[in-house]
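Trainee: Got a file for you: work-v1.csv, CSV, C-alpha atoms and all ligand atoms.
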chain,number,residue,atom,x,y,z
A,1,MET,CA,123.8,130.1,-167.7
A,2,LYS,CA,124.7,132.4,-164.9
A,3,ARG,CA,127.3,131.2,-162.4
A,4,PHE,CA,125.0,130.2,-159.5
A,5,VAL,CA,126.2,129.0,-156.2
A,6,TRP,CA,125.6,125.3,-155.9
A,7,LEU,CA,127.3,124.8,-152.6
A,8,CYS,CA,125.8,124.6,-149.2
A,9,PHE,CA,127.6,125.3,-146.0
A,10,VAL,CA,126.3,124.3,-142.6
A,11,LEU,CA,128.5,126.5,-140.5
A,12,GLY,CA,127.9,125.9,-136.8
A,13,LEU,CA,125.4,128.5,-135.9
A,14,ALA,CA,124.5,129.6,-139.4
A,15,LEU,CA,122.2,126.7,-140.1
A,16,ALA,CA,119.5,129.0,-141.3
A,17,ALA,CA,121.8,129.9,-144.3
A,18,ALA,CA,122.0,126.4,-145.6
A,19,PRO,CA,120.3,126.4,-149.0
A,20,VAL,CA,119.1,122.8,-149.1
A,21,HIS,CA,115.4,122.1,-149.3
A,22,VAL,CA,113.9,118.7,-148.4
A,23,VAL,CA,110.8,118.0,-150.5
A,24,ARG,CA,107.6,117.8,-148.5
A,25,PRO,CA,104.5,115.7,-149.5
A,26,GLY,CA,102.5,117.4,-152.2
A,27,GLU,CA,105.2,120.0,-153.2
A,28,THR,CA,106.1,120.6,-156.8
A,29,LEU,CA,109.4,121.7,-158.2
A,30,TYR,CA,107.5,124.7,-159.6
A,31,ARG,CA,106.3,125.8,-156.2
A,32,ILE,CA,109.7,125.3,-154.5
A,33,ALA,CA,111.3,127.4,-157.3
A,34,ARG,CA,108.8,130.1,-156.8
A,35,ASN,CA,109.2,130.1,-153.0
A,36,TYR,CA,112.9,130.6,-153.3
A,37,GLY,CA,112.7,133.0,-156.2
A,38,VAL,CA,114.8,130.8,-158.4
A,39,PRO,CA,114.0,130.1,-162.1
A,40,LEU,CA,112.5,126.6,-162.4
A,41,GLU,CA,115.1,125.5,-165.1
A,42,VAL,CA,118.0,126.7,-162.9
A,43,LEU,CA,116.7,124.7,-159.9
A,44,ALA,CA,116.3,121.6,-162.1
A,45,ALA,CA,119.7,122.0,-163.7
A,46,ALA,CA,121.4,122.5,-160.3
A,47,ASN,CA,119.9,119.2,-159.1
A,48,GLY,CA,120.4,117.2,-162.3
A,49,ILE,CA,116.6,116.9,-162.7
A,50,ARG,CA,115.5,116.2,-166.3
A,51,ASN,CA,111.8,115.8,-165.8
A,52,VAL,CA,110.5,118.6,-163.5
A,53,ASN,CA,107.4,116.5,-162.7
A,54,LEU,CA,109.5,113.7,-161.2
A,55,ILE,CA,110.5,114.7,-157.7
A,56,ARG,CA,109.8,112.7,-154.5
A,57,THR,CA,109.1,113.5,-150.9
A,58,GLY,CA,112.2,113.6,-148.8
A,59,GLN,CA,114.5,114.4,-151.8
A,60,LYS,CA,117.2,117.0,-151.0
A,61,LEU,CA,117.4,119.9,-153.4
A,62,VAL,CA,120.2,122.4,-153.5
A,63,ILE,CA,118.8,125.9,-153.8
A,64,PRO,CA,121.1,128.0,-155.9
A,65,SER,CA,121.6,131.3,-154.1
A,66,GLU,CA,123.2,134.5,-155.1
A,67,PRO,CA,126.6,134.5,-156.7
A,68,GLY,CA,129.4,135.3,-154.3
A,69,TRP,CA,127.9,133.4,-151.4
A,70,PRO,CA,130.7,130.9,-150.9
A,71,GLU,CA,133.3,133.6,-151.2
A,72,ALA,CA,131.8,135.0,-148.0
A,73,TRP,CA,133.2,131.9,-146.3
A,74,GLY,CA,136.5,132.3,-148.1
A,75,LEU,CA,136.1,129.2,-150.3
A,76,ARG,CA,136.2,128.9,-154.1
A,77,VAL,CA,135.9,125.7,-156.0
A,78,ASP,CA,136.8,125.3,-159.7
A,79,PRO,CA,135.2,123.9,-161.8
A,80,TRP,CA,131.9,124.8,-160.4
A,81,PRO,CA,130.3,122.5,-159.6
A,82,PRO,CA,133.0,119.8,-159.5
A,83,VAL,CA,132.6,117.0,-162.2
A,84,GLN,CA,132.9,113.3,-161.9
A,85,GLY,CA,136.5,112.2,-162.9
A,86,ARG,CA,138.0,115.6,-163.1
A,87,PRO,CA,140.2,117.4,-160.6
A,88,ALA,CA,138.8,120.3,-158.6
A,89,VAL,CA,140.8,123.1,-157.2
A,90,PHE,CA,139.6,124.2,-153.7
A,91,ARG,CA,140.9,127.6,-152.7
A,92,VAL,CA,140.4,127.4,-148.9
A,93,PRO,CA,140.3,130.0,-146.1
A,94,PRO,CA,143.3,130.5,-143.8
A,95,GLY,CA,143.8,127.8,-141.2
A,96,VAL,CA,142.4,124.9,-143.3
A,97,THR,CA,144.8,122.0,-143.3
A,98,ALA,CA,142.9,119.5,-145.5
A,99,VAL,CA,139.7,118.9,-147.4
A,100,ARG,CA,137.8,115.8,-146.4
A,101,VAL,CA,135.5,114.6,-149.1
A,102,PHE,CA,134.7,111.4,-151.1
A,103,ASN,CA,136.3,109.3,-148.3
A,104,LEU,CA,139.6,111.1,-149.1
A,105,GLN,CA,141.7,113.5,-147.1
A,106,VAL,CA,143.3,116.0,-149.4
A,107,PRO,CA,146.0,118.1,-147.7
A,108,ALA,CA,145.9,121.9,-148.4
A,109,ALA,CA,149.1,123.9,-149.0
A,110,ARG,CA,149.2,127.7,-149.2
A,111,GLY,CA,145.5,127.9,-149.4
A,112,VAL,CA,145.0,125.4,-152.1
A,113,ALA,CA,143.9,121.7,-152.2
A,114,LEU,CA,143.8,119.8,-155.5
A,115,VAL,CA,140.9,117.4,-155.0
A,116,PRO,CA,140.2,114.3,-157.1
A,117,VAL,CA,136.6,113.6,-157.9
A,118,PRO,CA,136.6,109.8,-158.5
A,119,ALA,CA,134.9,108.9,-161.8
A,120,ASP,CA,132.4,106.7,-160.0
A,121,THR,CA,131.2,109.4,-157.6
A,122,ARG,CA,127.4,109.6,-157.7
A,123,PRO,CA,126.1,112.9,-159.1
A,124,GLY,CA,124.4,114.8,-156.4
A,125,LEU,CA,125.2,116.0,-152.9
A,126,HIS,CA,128.3,114.8,-150.9
A,127,PRO,CA,129.3,115.9,-147.4
A,128,PHE,CA,132.6,117.5,-147.1
A,129,ALA,CA,134.6,119.2,-144.3
A,130,LEU,CA,137.4,121.8,-144.2
A,131,GLU,CA,139.7,120.5,-141.5
A,132,GLY,CA,141.4,123.1,-139.3
A,133,ALA,CA,138.5,125.6,-139.7
A,134,GLY,CA,135.6,123.5,-138.4
A,135,LEU,CA,133.6,124.1,-141.6
A,136,LYS,CA,131.2,121.4,-143.0
A,137,GLY,CA,129.0,121.5,-146.0
A,138,GLU,CA,127.6,119.5,-148.9
A,139,LEU,CA,129.1,119.7,-152.3
A,140,LEU,CA,127.1,119.1,-155.5
A,141,VAL,CA,128.9,116.9,-158.0
A,142,ALA,CA,127.9,117.0,-161.7
A,143,ALA,CA,127.8,114.1,-164.0
A,144,GLY,CA,130.7,113.7,-166.4
A,145,GLY,CA,128.6,112.5,-169.3
A,146,TYR,CA,130.8,109.5,-170.0
A,147,ALA,CA,129.9,106.9,-172.7
A,148,SER,CA,129.8,103.2,-172.3
A,149,GLU,CA,131.4,100.4,-174.3
A,150,ASN,CA,131.5,96.6,-174.1
A,151,ILE,CA,134.7,94.8,-174.7
A,152,VAL,CA,134.6,91.3,-176.0
A,153,LEU,CA,137.4,89.1,-174.6
A,154,SER,CA,137.7,85.5,-175.7
A,155,GLU,CA,136.9,83.3,-172.6
A,156,GLU,CA,140.3,81.7,-173.3
A,157,LYS,CA,142.1,85.0,-172.9
A,158,ASN,CA,140.0,86.0,-169.9
A,159,ALA,CA,140.9,82.7,-168.1
A,160,LEU,CA,144.6,83.4,-168.7
A,161,LEU,CA,144.5,86.6,-166.7
A,162,ASP,CA,146.3,86.2,-163.4
A,163,ARG,CA,144.3,88.2,-160.9
A,164,GLU,CA,147.0,88.1,-158.2
A,165,ARG,CA,149.6,89.6,-160.7
A,166,ILE,CA,147.2,92.3,-161.7
A,167,ARG,CA,146.6,93.3,-158.1
A,168,ALA,CA,150.4,93.3,-157.3
A,169,GLU,CA,151.1,95.4,-160.4
A,170,LYS,CA,148.5,98.0,-159.4
A,171,ALA,CA,150.1,98.2,-155.9
A,172,ARG,CA,153.5,98.9,-157.5
A,173,LEU,CA,152.1,101.7,-159.6
A,174,LEU,CA,150.5,103.4,-156.6
A,175,GLU,CA,153.8,103.1,-154.7
A,176,ALA,CA,155.7,104.6,-157.7
A,177,CYS,CA,153.3,107.6,-157.5
A,178,GLY,CA,154.9,108.4,-154.2
A,179,PRO,CA,153.4,110.3,-151.2
A,180,TRP,CA,151.6,113.7,-151.4
A,181,THR,CA,154.1,116.6,-151.3
A,182,PRO,CA,153.2,120.2,-150.9
A,183,GLU,CA,155.1,121.5,-154.0
A,184,PRO,CA,154.1,121.0,-157.6
A,185,LEU,CA,157.2,120.0,-159.6
A,186,TRP,CA,155.7,121.5,-162.8
A,187,ARG,CA,154.8,125.0,-164.0
A,188,GLY,CA,152.2,125.8,-166.5
A,189,PRO,CA,149.7,123.7,-168.6
A,190,TRP,CA,150.8,120.2,-169.6
A,191,ARG,CA,151.4,119.1,-173.2
A,192,TRP,CA,150.1,115.9,-174.8
A,193,PRO,CA,152.7,113.0,-174.6
A,194,LEU,CA,152.5,112.5,-178.4
A,195,ASP,CA,153.1,115.1,-181.1
A,196,ARG,CA,150.1,113.9,-183.0
A,197,VAL,CA,147.0,113.4,-180.9
A,198,GLU,CA,144.2,111.1,-181.8
A,199,GLU,CA,142.1,109.6,-179.0
A,200,THR,CA,140.8,106.1,-179.6
A,201,SER,CA,139.3,105.6,-176.2
A,202,ALA,CA,138.4,108.5,-173.9
A,203,PHE,CA,138.9,108.8,-170.2
A,204,GLY,CA,135.9,107.7,-168.0
A,205,THR,CA,134.2,105.4,-170.6
A,206,ARG,CA,132.2,102.9,-168.6
A,207,ARG,CA,133.3,99.5,-169.6
A,208,SER,CA,131.9,96.0,-169.4
A,209,TYR,CA,133.7,92.9,-170.4
A,210,ASN,CA,131.6,90.3,-172.2
A,211,GLY,CA,128.5,92.1,-170.8
A,212,ARG,CA,129.8,92.1,-167.2
A,213,PRO,CA,130.4,95.6,-165.6
A,214,GLY,CA,134.1,96.2,-165.3
A,215,GLY,CA,134.6,99.8,-164.0
A,216,TRP,CA,135.7,102.6,-166.3
A,217,HIS,CA,138.6,103.5,-168.5
A,218,GLY,CA,141.2,105.1,-166.2
A,219,GLY,CA,143.2,106.9,-168.9
A,220,VAL,CA,143.1,107.9,-172.5
A,221,ASP,CA,144.3,105.7,-175.4
A,222,LEU,CA,146.2,107.6,-178.1
A,223,ARG,CA,146.7,106.2,-181.5
A,224,GLY,CA,150.4,105.8,-182.4
A,225,GLN,CA,152.5,103.6,-184.6
A,226,GLU,CA,155.1,101.4,-183.0
A,227,GLY,CA,158.2,103.6,-182.3
A,228,THR,CA,156.4,106.9,-182.1
A,229,PRO,CA,158.3,109.0,-179.4
A,230,VAL,CA,156.5,109.6,-176.1
A,231,TYR,CA,157.3,112.8,-174.3
A,232,ALA,CA,156.9,114.0,-170.7
A,233,PRO,CA,153.9,116.3,-170.6
A,234,ALA,CA,155.2,118.1,-167.5
A,235,ALA,CA,158.3,118.2,-165.3
A,236,GLY,CA,158.6,115.4,-162.7
A,237,VAL,CA,160.6,112.6,-161.4
A,238,VAL,CA,160.6,109.0,-162.7
A,239,GLY,CA,159.0,106.8,-160.1
A,240,LEU,CA,159.1,103.6,-162.2
A,241,SER,CA,160.5,102.4,-165.5
A,242,ASP,CA,160.0,98.7,-165.9
A,243,GLN,CA,158.4,95.9,-167.9
A,244,LEU,CA,155.0,94.9,-166.4
A,245,TYR,CA,152.5,92.2,-166.9
A,246,VAL,CA,149.3,94.0,-168.0
A,247,ARG,CA,150.8,97.4,-168.9
A,248,GLY,CA,153.9,96.1,-170.6
A,249,GLY,CA,156.7,98.7,-171.0
A,250,ALA,CA,155.8,101.2,-168.3
A,251,VAL,CA,157.0,104.6,-167.1
A,252,VAL,CA,155.5,106.4,-164.1
A,253,LEU,CA,156.3,110.0,-163.3
A,254,HIS,CA,155.5,111.8,-160.1
A,255,HIS,CA,154.8,115.6,-160.2
A,256,GLY,CA,154.2,116.7,-156.6
A,257,LEU,CA,150.8,117.6,-155.1
A,258,GLY,CA,149.8,114.0,-155.1
A,259,VAL,CA,149.8,113.9,-159.0
A,260,CYS,CA,151.5,111.1,-161.0
A,261,SER,CA,151.2,110.1,-164.6
A,262,GLY,CA,151.7,106.7,-166.4
A,263,TYR,CA,152.8,105.7,-169.9
A,264,TYR,CA,152.0,102.1,-170.9
A,265,HIS,CA,152.5,99.4,-173.5
A,266,LEU,CA,155.8,101.1,-174.6
A,267,SER,CA,158.1,99.2,-177.0
A,268,GLU,CA,161.2,100.9,-175.4
A,269,ARG,CA,161.8,103.0,-172.3
A,270,ALA,CA,164.3,105.9,-172.3
A,271,VAL,CA,164.4,106.9,-168.6
A,272,GLU,CA,165.5,105.4,-165.3
A,273,PRO,CA,163.9,105.5,-161.9
A,274,GLY,CA,164.9,108.6,-159.9
A,275,GLN,CA,165.7,110.6,-163.0
A,276,LYS,CA,164.3,114.2,-163.2
A,277,VAL,CA,162.5,115.0,-166.4
A,278,GLN,CA,161.4,118.3,-167.9
A,279,ARG,CA,158.4,119.0,-170.1
A,280,GLY,CA,159.1,117.6,-173.5
A,281,ASP,CA,161.8,115.1,-172.5
A,282,LEU,CA,161.7,111.7,-174.2
A,283,LEU,CA,160.3,108.9,-172.0
A,284,GLY,CA,160.2,106.1,-174.5
A,285,TYR,CA,158.4,104.8,-177.7
A,286,VAL,CA,154.8,103.6,-178.4
A,287,GLY,CA,154.5,99.9,-178.5
A,288,ALA,CA,152.1,97.0,-178.1
A,289,THR,CA,153.6,95.3,-175.0
A,290,GLY,CA,151.5,93.9,-172.2
A,291,LEU,CA,147.9,92.9,-172.6
A,292,VAL,CA,146.9,94.8,-175.7
A,293,THR,CA,145.7,94.0,-179.2
A,294,GLY,CA,147.7,96.6,-181.1
A,295,PRO,CA,150.1,99.5,-180.6
A,296,HIS,CA,148.8,102.6,-178.8
A,297,LEU,CA,149.7,104.7,-175.8
A,298,HIS,CA,147.6,104.4,-172.7
A,299,TRP,CA,148.2,107.6,-170.8
A,300,GLU,CA,146.9,107.8,-167.2
A,301,VAL,CA,147.0,110.6,-164.6
A,302,ARG,CA,146.4,109.8,-160.9
A,303,LEU,CA,145.6,112.3,-158.2
A,304,LEU,CA,146.0,110.8,-154.7
A,305,GLY,CA,145.7,107.4,-156.3
A,306,GLN,CA,142.5,108.2,-158.2
A,307,THR,CA,142.5,108.1,-161.9
A,308,THR,CA,141.5,111.5,-163.3
A,309,ASP,CA,140.9,113.0,-166.7
A,310,PRO,CA,144.4,113.8,-168.1
A,311,ALA,CA,143.0,116.5,-170.4
A,312,ALA,CA,142.2,118.6,-167.4
A,313,PHE,CA,145.9,119.1,-166.8
A,314,ILE,CA,146.4,120.3,-170.4
A,315,ARG,CA,143.7,123.0,-170.2
A,316,PRO,CA,145.3,126.3,-169.0
A,317,ARG,CA,142.5,126.7,-166.5
A,318,LEU,CA,143.8,124.2,-164.0
A,319,TRP,CA,147.2,125.9,-163.8
A,320,ALA,CA,145.6,129.3,-163.6
A,321,GLN,CA,143.8,128.2,-160.4
A,322,LEU,CA,146.9,126.5,-158.9
A,323,ALA,CA,149.5,129.1,-160.0
A,324,PRO,CA,148.9,131.8,-157.3
A,325,ALA,CA,149.7,129.3,-154.6
A,326,ALA,CA,152.7,127.8,-156.5
A,327,ALA,CA,154.1,131.3,-157.2
A,328,SER,CA,153.9,132.4,-153.5
A,329,SER,CA,156.1,129.4,-152.5
A,330,ARG,CA,159.1,130.7,-154.4
B,401,ZN,ZN,143.7,102.5,-172.2
Can you give me the file's structure in the form of structure tokens?
Mentor:
Amino acid sequence: MKRFVWLCFVLGLALAAAPVHVVRPGETLYRIARNYGVPLEVLAAANGIRNVNLIRTGQKLVIPSEPGWPEAWGLRVDPWPPVQGRPAVFRVPPGVTAVRVFNLQVPAARGVALVPVPADTRPGLHPFALEGAGLKGELLVAAGGYASENIVLSEEKNALLDRERIRAEKARLLEACGPWTPEPLWRGPWRWPLDRVEETSAFGTRRSYNGRPGGWHGGVDLRGQEGTPVYAPAAGVVGLSDQLYVRGGAVVLHHGLGVCSGYYHLSERAVEPGQKVQRGDLLGYVGATGLVTGPHLHWEVRLLGQTTDPAAFIRPRLWAQLAPAAASSR
């Protein structure tokens, strides 16, 4: 499909340019599409509508306009539209200090903000603002298409979970991620932390425990035998290397730009807090420590504290979007 513009800006005086349509009584999607000169299927796709006969009065529809429209305001967003659970690179106009969206404030450096889209963000329109430039708009978020799974825990095991320790452990991880810093510490696409990659549970999978909703899987599980080496996927600094309650043998790296990565259930750790690591350096070995049923690596990437799909960092595309800003800092 063509790259249509699915972003709507409400720029002070330029209200007339805002391509959002509020459905009036009696209107059909077909008629709205015809009035705006947009193909019906494109209008439906841009708004996540599966059945074109099911629209309701008052519903807000994004009207895809001509390509190149947001560039006129000096903004580019990649991927387009942003997707639940994946990072999005905002290339912002001069003077913009931060992007405010999804109740987060994401600082911009050298014209780029790396924005997390939390995995539970509702698909559809979300208000956002470009701080420092007085720009406001609405951003369309696309569904990530995540699967669901039910995990059966014995009631006995469930009762043993110490909620307070779980909370304290998470707070430590977030602290180990460190504050946002304007420089990425890495260059180029990341590698997988294991030499042989077999995913046993994907990022974003909606989970329920004994039938009760329990959030989503915040990382990827990689199959690995006990003792398989775990490598740093990208350069960074060790923020934590310790034995934890739920996560067992744990290493957390921070990578700058608000990005950190975690390696859990390790049998052995090979790094110390404060140590600098390069892409490919040994971090430790796969194990079955913490609350697990068998050996595997849980690999997690957080952006400003939000879990985000690690595979996005491996694809060359993300770095290609970030690189011009990183290069200009040298
Ligand atoms: Zn996992």
Trainee: Considering all atoms listed in the file, state which residue in the set A:Tyr264, A:Tyr30, A:Trp319, A:Phe313 is at the smallest distance from ligand ZN 401 (chain B).
Mentor: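 Smallest separation from ligand ZN 401 (chain B) among the options: A:Tyr264.
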Trainee: Sorted by chain and rising residue number, which residues of chain A lie within 10 Å of ligand ZN 401 (chain B), and what are their closest atom pairs and distances in Å to one decimal, counting all atoms listed in the file, as JSON lines?
Mentor:
{"residue": "A:Glu199", "atom": "CA", "partner": "B:ZN401", "partner_atom": "ZN", "distance": 10.0}
{"residue": "A:Thr200", "atom": "CA", "partner": "B:ZN401", "partner_atom": "ZN", "distance": 8.7}
{"residue": "A:Ser201", "atom": "CA", "partner": "B:ZN401", "partner_atom": "ZN", "distance": 6.7}
{"residue": "A:Ala202", "atom": "CA", "partner": "B:ZN401", "partner_atom": "ZN", "distance": 8.2}
{"residue": "A:Phe203", "atom": "CA", "partner": "B:ZN401", "partner_atom": "ZN", "distance": 8.2}
{"residue": "A:Trp216", "atom": "CA", "partner": "B:ZN401", "partner_atom": "ZN", "distance": 9.9}
{"residue": "A:His217", "atom": "CA", "partner": "B:ZN401", "partner_atom": "ZN", "distance": 6.4}
{"residue": "A:Gly218", "atom": "CA", "partner": "B:ZN401", "partner_atom": "ZN", "distance": 7.0}
{"residue": "A:Gly219", "atom": "CA", "partner": "B:ZN401", "partner_atom": "ZN", "distance": 5.5}
{"residue": "A:Val220", "atom": "CA", "partner": "B:ZN401", "partner_atom": "ZN", "distance": 5.4}
{"residue": "A:Asp221", "atom": "CA", "partner": "B:ZN401", "partner_atom": "ZN", "distance": 4.6}
{"residue": "A:Leu222", "atom": "CA", "partner": "B:ZN401", "partner_atom": "ZN", "distance": 8.2}
{"residue": "A:Arg247", "atom": "CA", "partner": "B:ZN401", "partner_atom": "ZN", "distance": 9.3}
{"residue": "A:Tyr263", "atom": "CA", "partner": "B:ZN401", "partner_atom": "ZN", "distance": 9.9}
{"residue": "A:Tyr264", "atom": "CA", "partner": "B:ZN401", "partner_atom": "ZN", "distance": 8.4}
{"residue": "A:His265", "atom": "CA", "partner": "B:ZN401", "partner_atom": "ZN", "distance": 9.4}
{"residue": "A:Val292", "atom": "CA", "partner": "B:ZN401", "partner_atom": "ZN", "distance": 9.0}
{"residue": "A:His296", "atom": "CA", "partner": "B:ZN401", "partner_atom": "ZN", "distance": 8.3}
{"residue": "A:Leu297", "atom": "CA", "partner": "B:ZN401", "partner_atom": "ZN", "distance": 7.3}
{"residue": "A:His298", "atom": "CA", "partner": "B:ZN401", "partner_atom": "ZN", "distance": 4.4}
{"residue": "A:Trp299", "atom": "CA", "partner": "B:ZN401", "partner_atom": "ZN", "distance": 6.9}
{"residue": "A:Glu300", "atom": "CA", "partner": "B:ZN401", "partner_atom": "ZN", "distance": 8.0}
Trainee: For Asn35 of chain A, list every protein, DNA or RNA residue within 12 Å, evaluated using all atoms listed in the file, and leave out those in the same chain fewer than 6 positions away; present the list as a list in words.
Mentor: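 The residues that qualify are His21, Glu27, Thr28, Leu29, Leu43 and Ile63 of chain A.
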Trainee: Write a file of the selected residues as a tab-separated table (two decimals), in the coordinates of the input, keeping C-alpha atoms.
Mentor:
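Saved as out.tsv:
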chain	number	residue	atom	x	y	z
A	21	HIS	CA	115.40	122.10	-149.30
A	27	GLU	CA	105.20	120.00	-153.20
A	28	THR	CA	106.10	120.60	-156.80
A	29	LEU	CA	109.40	121.70	-158.20
A	43	LEU	CA	116.70	124.70	-159.90
A	63	ILE	CA	118.80	125.90	-153.80
Trainee: Write out as a VMD selection string the residues lying within 7 Å of Val20 of chain A, counting all atoms listed in the file and excluding same-chain residues fewer than 4 positions away.
Mentor: chain A and resid 8 60 to 63
Trainee: Tell me which of A:Trp192, A:Phe128, A:Trp186, A:Tyr285 sits closest to Pro229 of chain A, counting all atoms listed in the file.
Mentor: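 Ranking A:Trp192, A:Phe128, A:Trp186, A:Tyr285 by distance to Pro229 of chain A, first place goes to A:Tyr285.
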Trainee: Residues at most 8 Å from Ile151 of chain A, counting all atoms listed in the file, excluding those fewer than 5 positions away in the same chain, as a PyMOL selection string?
Mentor: chain A and resi 207-211
Trainee: Using all atoms listed in the file, which of the listed residues (A:Val259, A:Leu104, A:Ala232, A:Val99) sits closest to Leu135 of chain A?
Mentor: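 Among the listed residues, the smallest separation from Leu135 of chain A belongs to A:Val99.
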Trainee: What gap, in Å, lies between atom CA of Pro233 of chain A and atom CA of Arg100 of chain A?
Mentor: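 Separation between atom CA of Pro233 of chain A and atom CA of Arg100 of chain A: 29.1 Å.
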Trainee: For each of A:Gln278, A:Thr121, A:Asn150, A:Asn103, take the minimum atom-to-atom distance to Gly85 of chain A, counting all atoms listed in the file, then give the residue where this is smallest.
Mentor: A:Thr121
Trainee: Counting only C-alpha atoms, which of A:Leu291, A:Leu114, A:Val277, A:Ala323 gets nearest to Leu161 of chain A?
Mentor: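 Ranking A:Leu291, A:Leu114, A:Val277, A:Ala323 by distance to Leu161 of chain A, first place goes to A:Leu291.
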Trainee: For Val92 of chain A, find every residue with an atom within 6 Å (counting only C-alpha atoms), except residues of its own chain fewer than 3 positions away, and show them as a PDB file with C-alpha atoms, keeping the file's coordinate frame.
Mentor:
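Dumped to selection-v9.pdb:
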ATOM      1  CA  LEU A  75     136.100 129.200-150.300  1.00  0.00           C
ATOM      2  CA  GLY A 111     145.500 127.900-149.400  1.00  0.00           C
ATOM      3  CA  VAL A 112     145.000 125.400-152.100  1.00  0.00           C
TER       4      VAL A 112
END
Trainee: So, with only C-alpha atoms as the atoms that count, which of A:Ser267, A:Asn51, A:Gln321, A:Thr205 lies closest to Gly144 of chain A?
Mentor: A:Thr205
Trainee: Please list as a list in words every residue within 12 Å of Pro127 of chain A, counting all atoms listed in the file and excluding residues in the same chain fewer than 2 positions away.
Mentor: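 Once the adjacent positions are removed, what remains is Leu7, Cys8, Phe9, Val10, Val99, Arg100, Val101, Phe102, Asn103, Leu104, Gly124, Leu125, Ala129, Leu130, Leu135, Lys136, Gly137, Glu138, Leu139, Leu140 and Val141 of chain A.
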Trainee: Report, in Å with one decimal, the straight-line distance from atom CA of Val89 of chain A to atom CA of Pro193 of chain A.
Mentor: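 Answer for the atom CA of Val89 of chain A to atom CA of Pro193 of chain A separation: 23.4 Å.
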Trainee: Please report the interatomic distance between atom CA of Thr97 of chain A and atom CA of Gly134 of chain A in Å with one decimal.
Mentor: 10.5 Å
